[in-house]
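Source file input.cif; content: mmCIF, C-alpha atoms and all ligand atoms.
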data_start
#
loop_
_atom_site.label_atom_id
_atom_site.label_comp_id
_atom_site.auth_asym_id
_atom_site.auth_seq_id
_atom_site.Cartn_x
_atom_site.Cartn_y
_atom_site.Cartn_z
CA MET A 1 -19.52 -4.80 -12.95
CA GLY A 2 -19.92 -2.69 -16.08
CA GLU A 3 -19.76 0.61 -14.20
CA PRO A 4 -16.51 2.56 -14.48
CA PHE A 5 -13.88 2.67 -11.75
CA THR A 6 -12.03 5.79 -10.68
CA LEU A 7 -9.29 5.74 -8.09
CA TYR A 8 -8.38 8.98 -6.33
CA VAL A 9 -4.79 9.08 -5.14
CA ASP A 10 -2.42 11.76 -3.86
CA SER A 11 -0.95 13.81 -6.68
CA ARG A 12 2.64 12.90 -5.70
CA PHE A 13 1.96 9.14 -5.58
CA LEU A 14 3.55 8.98 -2.14
CA SER A 15 0.68 7.56 -0.10
CA PRO A 16 1.30 3.92 0.91
CA TYR A 17 -2.46 3.47 1.27
CA ALA A 18 -3.15 4.80 -2.21
CA LEU A 19 -0.43 2.44 -3.43
CA SER A 20 -2.21 -0.48 -1.79
CA ALA A 21 -5.55 0.35 -3.43
CA HIS A 22 -3.87 1.00 -6.79
CA VAL A 23 -2.07 -2.36 -6.62
CA ALA A 24 -5.34 -4.10 -5.66
CA LEU A 25 -7.24 -2.61 -8.58
CA THR A 26 -4.39 -3.31 -11.00
CA GLU A 27 -4.18 -6.93 -9.85
CA LYS A 28 -7.90 -7.38 -10.49
CA GLY A 29 -7.34 -6.28 -14.08
CA ALA A 30 -10.30 -3.89 -14.21
CA PRO A 31 -9.70 -0.77 -16.29
CA PHE A 32 -9.73 2.32 -14.11
CA GLU A 33 -9.08 6.01 -14.30
CA VAL A 34 -6.67 7.63 -11.83
CA ARG A 35 -7.54 11.10 -10.53
CA LEU A 36 -5.18 13.17 -8.48
CA VAL A 37 -5.89 14.90 -5.20
CA ASP A 38 -3.45 17.63 -4.18
CA LEU A 39 -3.08 16.99 -0.45
CA GLU A 40 -0.74 19.95 0.06
CA ALA A 41 -3.39 22.27 -1.36
CA GLY A 42 -5.98 20.65 0.92
CA GLU A 43 -8.13 19.34 -1.94
CA GLN A 44 -9.14 16.40 0.22
CA ARG A 45 -11.03 18.81 2.47
CA MET A 46 -12.75 20.66 -0.37
CA ARG A 47 -15.71 20.02 -2.58
CA PRO A 48 -16.25 18.00 -4.66
CA TYR A 49 -13.79 15.50 -3.17
CA GLN A 50 -15.11 15.66 0.37
CA CYS A 51 -18.68 15.03 -0.77
CA ARG A 52 -17.57 11.76 -2.33
CA ALA A 53 -14.93 10.67 0.13
CA LEU A 54 -16.63 10.22 3.48
CA THR A 55 -13.38 10.45 5.44
CA GLY A 56 -11.70 13.14 3.33
CA ARG A 57 -8.62 11.04 2.72
CA VAL A 58 -6.94 9.22 -0.13
CA PRO A 59 -7.32 6.70 -1.55
CA ALA A 60 -10.97 6.80 -2.60
CA LEU A 61 -12.59 4.43 -5.06
CA THR A 62 -15.57 5.44 -7.14
CA HIS A 63 -17.50 2.62 -8.79
CA GLY A 64 -20.50 4.03 -10.62
CA ASP A 65 -22.29 6.06 -7.95
CA PHE A 66 -20.61 4.22 -5.04
CA HIS A 67 -17.74 5.95 -3.24
CA LEU A 68 -15.43 4.25 -0.77
CA THR A 69 -12.38 5.31 1.25
CA GLU A 70 -10.01 3.25 3.46
CA SER A 71 -7.59 1.16 1.47
CA THR A 72 -8.42 -2.16 3.14
CA ALA A 73 -12.18 -1.61 2.67
CA ILE A 74 -11.45 -0.91 -1.00
CA ALA A 75 -9.41 -4.11 -1.34
CA GLU A 76 -12.08 -6.21 0.36
CA TYR A 77 -14.78 -4.70 -1.85
CA LEU A 78 -12.73 -5.53 -4.95
CA GLU A 79 -12.15 -9.08 -3.70
CA GLU A 80 -15.91 -9.53 -3.36
CA ILE A 81 -16.92 -8.11 -6.71
CA PHE A 82 -14.01 -9.78 -8.56
CA PRO A 83 -13.89 -13.09 -6.68
CA PRO A 84 -11.11 -15.63 -6.99
CA PRO A 85 -10.36 -17.98 -8.66
CA GLU A 86 -11.58 -16.17 -11.80
CA HIS A 87 -9.63 -13.12 -10.66
CA VAL A 88 -6.31 -12.70 -8.89
CA ARG A 89 -6.65 -13.35 -5.18
CA LEU A 90 -5.85 -10.34 -2.95
CA TYR A 91 -6.27 -12.29 0.30
CA PRO A 92 -5.11 -15.86 1.01
CA ALA A 93 -7.62 -18.68 0.63
CA ASP A 94 -6.73 -20.30 3.95
CA PRO A 95 -8.69 -18.67 6.82
CA ARG A 96 -5.67 -18.44 9.12
CA ASP A 97 -3.43 -17.00 6.44
CA ARG A 98 -6.23 -14.58 5.54
CA ALA A 99 -6.54 -13.55 9.17
CA ARG A 100 -2.76 -13.06 9.34
CA ALA A 101 -2.82 -10.93 6.19
CA ARG A 102 -5.57 -8.73 7.65
CA GLN A 103 -3.72 -8.57 10.97
CA LEU A 104 -0.59 -7.31 9.21
CA GLN A 105 -2.52 -4.76 7.20
CA ALA A 106 -4.27 -3.40 10.30
CA TRP A 107 -1.02 -3.35 12.29
CA LEU A 108 1.01 -1.62 9.61
CA ARG A 109 -1.67 1.09 9.40
CA SER A 110 -1.95 1.69 13.13
CA ASP A 111 1.50 1.17 14.68
CA LEU A 112 5.13 2.15 14.02
CA ALA A 113 4.34 5.88 13.78
CA PRO A 114 7.88 7.04 14.77
CA LEU A 115 9.33 4.93 11.97
CA ARG A 116 6.82 6.30 9.46
CA GLU A 117 7.73 9.81 10.59
CA GLU A 118 11.50 9.40 10.35
CA ARG A 119 11.43 7.21 7.25
CA PRO A 120 8.59 8.73 5.19
CA THR A 121 7.67 7.47 1.76
CA GLN A 122 10.20 9.81 0.13
CA VAL A 123 12.68 7.28 1.56
CA VAL A 124 10.60 4.37 0.26
CA PHE A 125 10.13 5.64 -3.29
CA TRP A 126 12.93 8.14 -3.83
CA ASN A 127 15.58 6.45 -1.72
CA GLU A 128 16.16 9.68 0.22
CA GLN A 129 18.85 9.69 2.89
CA ARG A 130 17.68 10.68 6.39
CA PRO A 131 19.50 11.10 9.72
CA PRO A 132 19.96 8.00 11.94
CA LEU A 133 16.82 6.74 13.63
CA GLY A 134 15.95 8.13 17.06
CA ASP A 135 15.12 5.86 19.99
CA ALA A 136 11.38 5.56 19.33
CA ALA A 137 11.89 4.91 15.61
CA CYS A 138 14.62 2.35 16.45
CA ALA A 139 12.16 0.52 18.71
CA ALA A 140 9.50 0.61 15.97
CA SER A 141 12.04 -0.66 13.45
CA ALA A 142 13.03 -3.55 15.75
CA LYS A 143 9.36 -4.45 16.16
CA LEU A 144 8.81 -4.44 12.40
CA LEU A 145 11.92 -6.52 11.73
CA HIS A 146 11.00 -9.03 14.43
CA ALA A 147 7.53 -9.57 12.92
CA ALA A 148 8.89 -9.78 9.38
CA GLU A 149 11.65 -12.23 10.35
CA CYS A 150 9.10 -14.45 12.09
CA LEU A 151 7.09 -14.62 8.87
CA ILE A 152 9.70 -14.55 6.11
CA GLY A 153 12.41 -17.19 5.91
CA ALA A 154 15.44 -17.41 3.62
CA GLY A 155 14.45 -17.42 -0.05
CA GLN A 156 10.80 -16.57 0.66
CA THR A 157 9.38 -13.95 -1.71
CA THR A 158 5.79 -13.99 -0.44
CA LEU A 159 4.24 -14.34 2.99
CA PHE A 160 1.85 -17.18 2.24
CA GLY A 161 3.07 -19.07 -0.82
CA ASP A 162 0.92 -17.18 -3.29
CA TRP A 163 1.15 -13.40 -3.46
CA SER A 164 -1.33 -11.38 -1.40
CA LEU A 165 -1.92 -7.68 -0.91
CA ALA A 166 -0.30 -7.92 2.53
CA ASP A 167 2.98 -8.53 0.67
CA ALA A 168 2.73 -5.14 -1.01
CA ASP A 169 1.93 -3.44 2.31
CA LEU A 170 4.71 -5.22 4.21
CA ALA A 171 7.25 -4.52 1.47
CA VAL A 172 6.48 -0.79 1.64
CA ALA A 173 6.93 -0.83 5.41
CA LEU A 174 10.26 -2.70 5.16
CA ARG A 175 11.46 -0.47 2.34
CA ARG A 176 11.48 2.38 4.86
CA LEU A 177 14.62 0.65 6.19
CA TRP A 178 16.27 0.22 2.78
CA ARG A 179 19.14 2.54 3.72
CA ASP A 180 19.30 1.19 7.29
CA ASP A 181 20.12 -2.28 8.50
CA LEU A 182 17.66 -4.38 6.53
CA PRO A 183 18.68 -8.07 6.67
CA ASP A 184 19.40 -9.67 3.27
CA THR A 185 16.47 -12.10 3.45
CA LEU A 186 14.07 -9.20 3.89
CA ARG A 187 15.89 -7.10 1.30
CA ARG A 188 15.36 -9.85 -1.28
CA TYR A 189 11.70 -10.16 -0.26
CA VAL A 190 11.19 -6.42 -0.76
CA GLN A 191 13.00 -6.53 -4.10
CA ALA A 192 10.70 -9.32 -5.31
CA GLN A 193 7.68 -7.19 -4.40
CA TRP A 194 9.21 -4.19 -6.12
CA GLU A 195 9.42 -6.17 -9.36
CA ARG A 196 5.79 -7.27 -9.38
CA PRO A 197 4.06 -5.63 -12.39
CA SER A 198 1.29 -4.04 -10.28
CA MET A 199 3.93 -2.44 -8.06
CA VAL A 200 6.00 -1.36 -11.08
CA ARG A 201 2.94 0.45 -12.41
CA TRP A 202 2.67 2.48 -9.21
CA LEU A 203 6.42 3.17 -9.18
CA GLU A 204 6.18 4.49 -12.74
CA HIS A 205 3.43 6.93 -11.68
CA ASN A 206 5.55 7.95 -8.71
CA ALA A 207 8.61 8.59 -10.87
CA ALA A 208 6.59 10.56 -13.44
CA ALA A 209 5.03 12.71 -10.70
CA ARG A 210 8.48 13.50 -9.30
CA ALA A 211 9.99 14.45 -12.68
N1 LIG B 301 -6.38 4.20 6.95
C1 LIG B 301 -6.41 4.96 5.73
C2 LIG B 301 -5.29 5.98 5.76
C3 LIG B 301 -5.42 6.98 4.63
C4 LIG B 301 -4.47 8.15 4.83
O1 LIG B 301 -3.94 8.38 5.93
N2 LIG B 301 -4.30 8.94 3.76
C5 LIG B 301 -3.49 10.13 3.87
C6 LIG B 301 -2.40 10.14 2.78
S1 LIG B 301 -1.19 8.94 3.15
C7 LIG B 301 -4.37 11.34 3.62
O2 LIG B 301 -5.32 11.29 2.88
N3 LIG B 301 -4.02 12.45 4.28
C8 LIG B 301 -4.69 13.70 4.11
C9 LIG B 301 -5.54 14.07 5.29
O3 LIG B 301 -5.73 13.23 6.20
O4 LIG B 301 -6.01 15.21 5.29
C10 LIG B 301 -6.31 4.00 4.54
O5 LIG B 301 -5.79 2.89 4.72
O6 LIG B 301 -6.78 4.37 3.44
#
Could you render the structure as structure tokens?
Amino acid sequence: MGEPFTLYVDSRFLSPYALSAHVALTEKGAPFEVRLVDLEAGEQRMRPYQCRALTGRVPALTHGDFHLTESTAIAEYLEEIFPPPEHVRLYPADPRDRARARQLQAWLRSDLAPLREERPTQVVFWNEQRPPLGDAACAASAKLLHAAECLIGAGQTTLFGDWSLADADLAVALRRLWRDDLPDTLRRYVQAQWERPSMVRWLEHNAAARA
């Protein structure tokens, strides 16, 4: 594993998927360089980025001469090359919990589009105020809250006992509702995730990029 790691992320540190890959790499404790891709300038569609990043999106991980996009593929690659228990576990050990974690990750990346649109990550990271949710975003919000409340009980700060990467992803999704009606149990869960050192590291990048 001696080859260097580089993680390509959006230059404003607003991508929830780049966050997920950054948290995963930070949790594994491997030193890595962060390189910025200016999405507004379309750098993701230009050389040399597009030659490396098959899908032309962020995040992308470079490990030696291997290049990988898709945040969950990156996390699973890291879990395999830095296996638990020697390294922090990104996915739960129990097969059903692991399946649930992957289910949540896939769902959060493929559903709830109206909520993502009306509560973008400027709300998540900068606490921006937005107009009240429209009908479709309200329905997406209700769906998210229902799933989260089924999985997170009072006083619970992780989904599965030990932390997993799905906690970071779910916390970002719930944080979209920080200025809306987020129940206290979920608010405390999000806050616990926000205080995790790997998340703090991302938030520091985000704040510096905004300054
Ligand atoms: N499913 C992908 C989503 C990646 C994604 O949508 N990245 C956005 C930034 S949040 C991007 O690169 N957008 C630029 C583009 O598609 O041109 C993952 O999990 O990595």
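Residue nearest ligand LIG 301 (chain B), chosen from A:Lys28, A:Arg12, A:Arg201, A:Arg100 and counting all atoms listed in the file: A:Arg12.
The residue that comes closest to Val34 of chain A, out of A:Val124, A:Ile74, A:Trp202, A:Leu90 and on the basis of all atoms listed in the file, is A:Trp202.
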Within 12 Å of (-6.1, 18.9, -0.3), all atoms listed in the file: residues as a short mmCIF file (atom, residue, chain, number, x, y, z; two decimals) with C-alpha atoms, keeping the file's coordinate frame?
data_model
loop_
_atom_site.label_atom_id
_atom_site.label_comp_id
_atom_site.auth_asym_id
_atom_site.auth_seq_id
_atom_site.Cartn_x
_atom_site.Cartn_y
_atom_site.Cartn_z
CA TYR A 8 -8.38 8.98 -6.33
CA VAL A 9 -4.79 9.08 -5.14
CA ASP A 10 -2.42 11.76 -3.86
CA SER A 11 -0.95 13.81 -6.68
CA ARG A 12 2.64 12.90 -5.70
CA LEU A 36 -5.18 13.17 -8.48
CA VAL A 37 -5.89 14.90 -5.20
CA ASP A 38 -3.45 17.63 -4.18
CA LEU A 39 -3.08 16.99 -0.45
CA GLU A 40 -0.74 19.95 0.06
CA ALA A 41 -3.39 22.27 -1.36
CA GLY A 42 -5.98 20.65 0.92
CA GLU A 43 -8.13 19.34 -1.94
CA GLN A 44 -9.14 16.40 0.22
CA ARG A 45 -11.03 18.81 2.47
CA MET A 46 -12.75 20.66 -0.37
CA ARG A 47 -15.71 20.02 -2.58
CA PRO A 48 -16.25 18.00 -4.66
CA TYR A 49 -13.79 15.50 -3.17
CA GLN A 50 -15.11 15.66 0.37
CA GLY A 56 -11.70 13.14 3.33
CA ARG A 57 -8.62 11.04 2.72
CA VAL A 58 -6.94 9.22 -0.13
#
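Among the candidate residues A:Tyr77, A:Trp178, A:Tyr91, A:Phe160, the one lying nearest to Arg130 of chain A is A:Trp178, with distances computed using all atoms listed in the file.
Between ligand LIG 301 (chain B) and the residues A:Gly29, A:Pro95, A:Pro120, A:Pro131, the shortest atom-to-atom distance, using all atoms listed in the file, involves A:Pro120.
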*Separation of atom CA of Gln193 of chain A from atom CA of Glu79 of chain A in Å*: 19.9 Å
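Distance check against ligand LIG 301 (chain B) using all atoms listed in the file: of A:Pro4, A:Pro31, A:Pro183, A:Pro59, the minimum falls on A:Pro59.
Distance check against Leu112 of chain A using only C-alpha atoms: of A:Ala173, A:Leu165, A:Ala75, A:Leu14, the minimum falls on A:Ala173.
Taking atom CA of Phe125 of chain A and atom CA of Phe5 of chain A as endpoints, the distance between them is 25.6 Å.
Taking atom CA of Leu203 of chain A as the reference point, atom CA of Pro16 of chain A is found at 11.3 Å.
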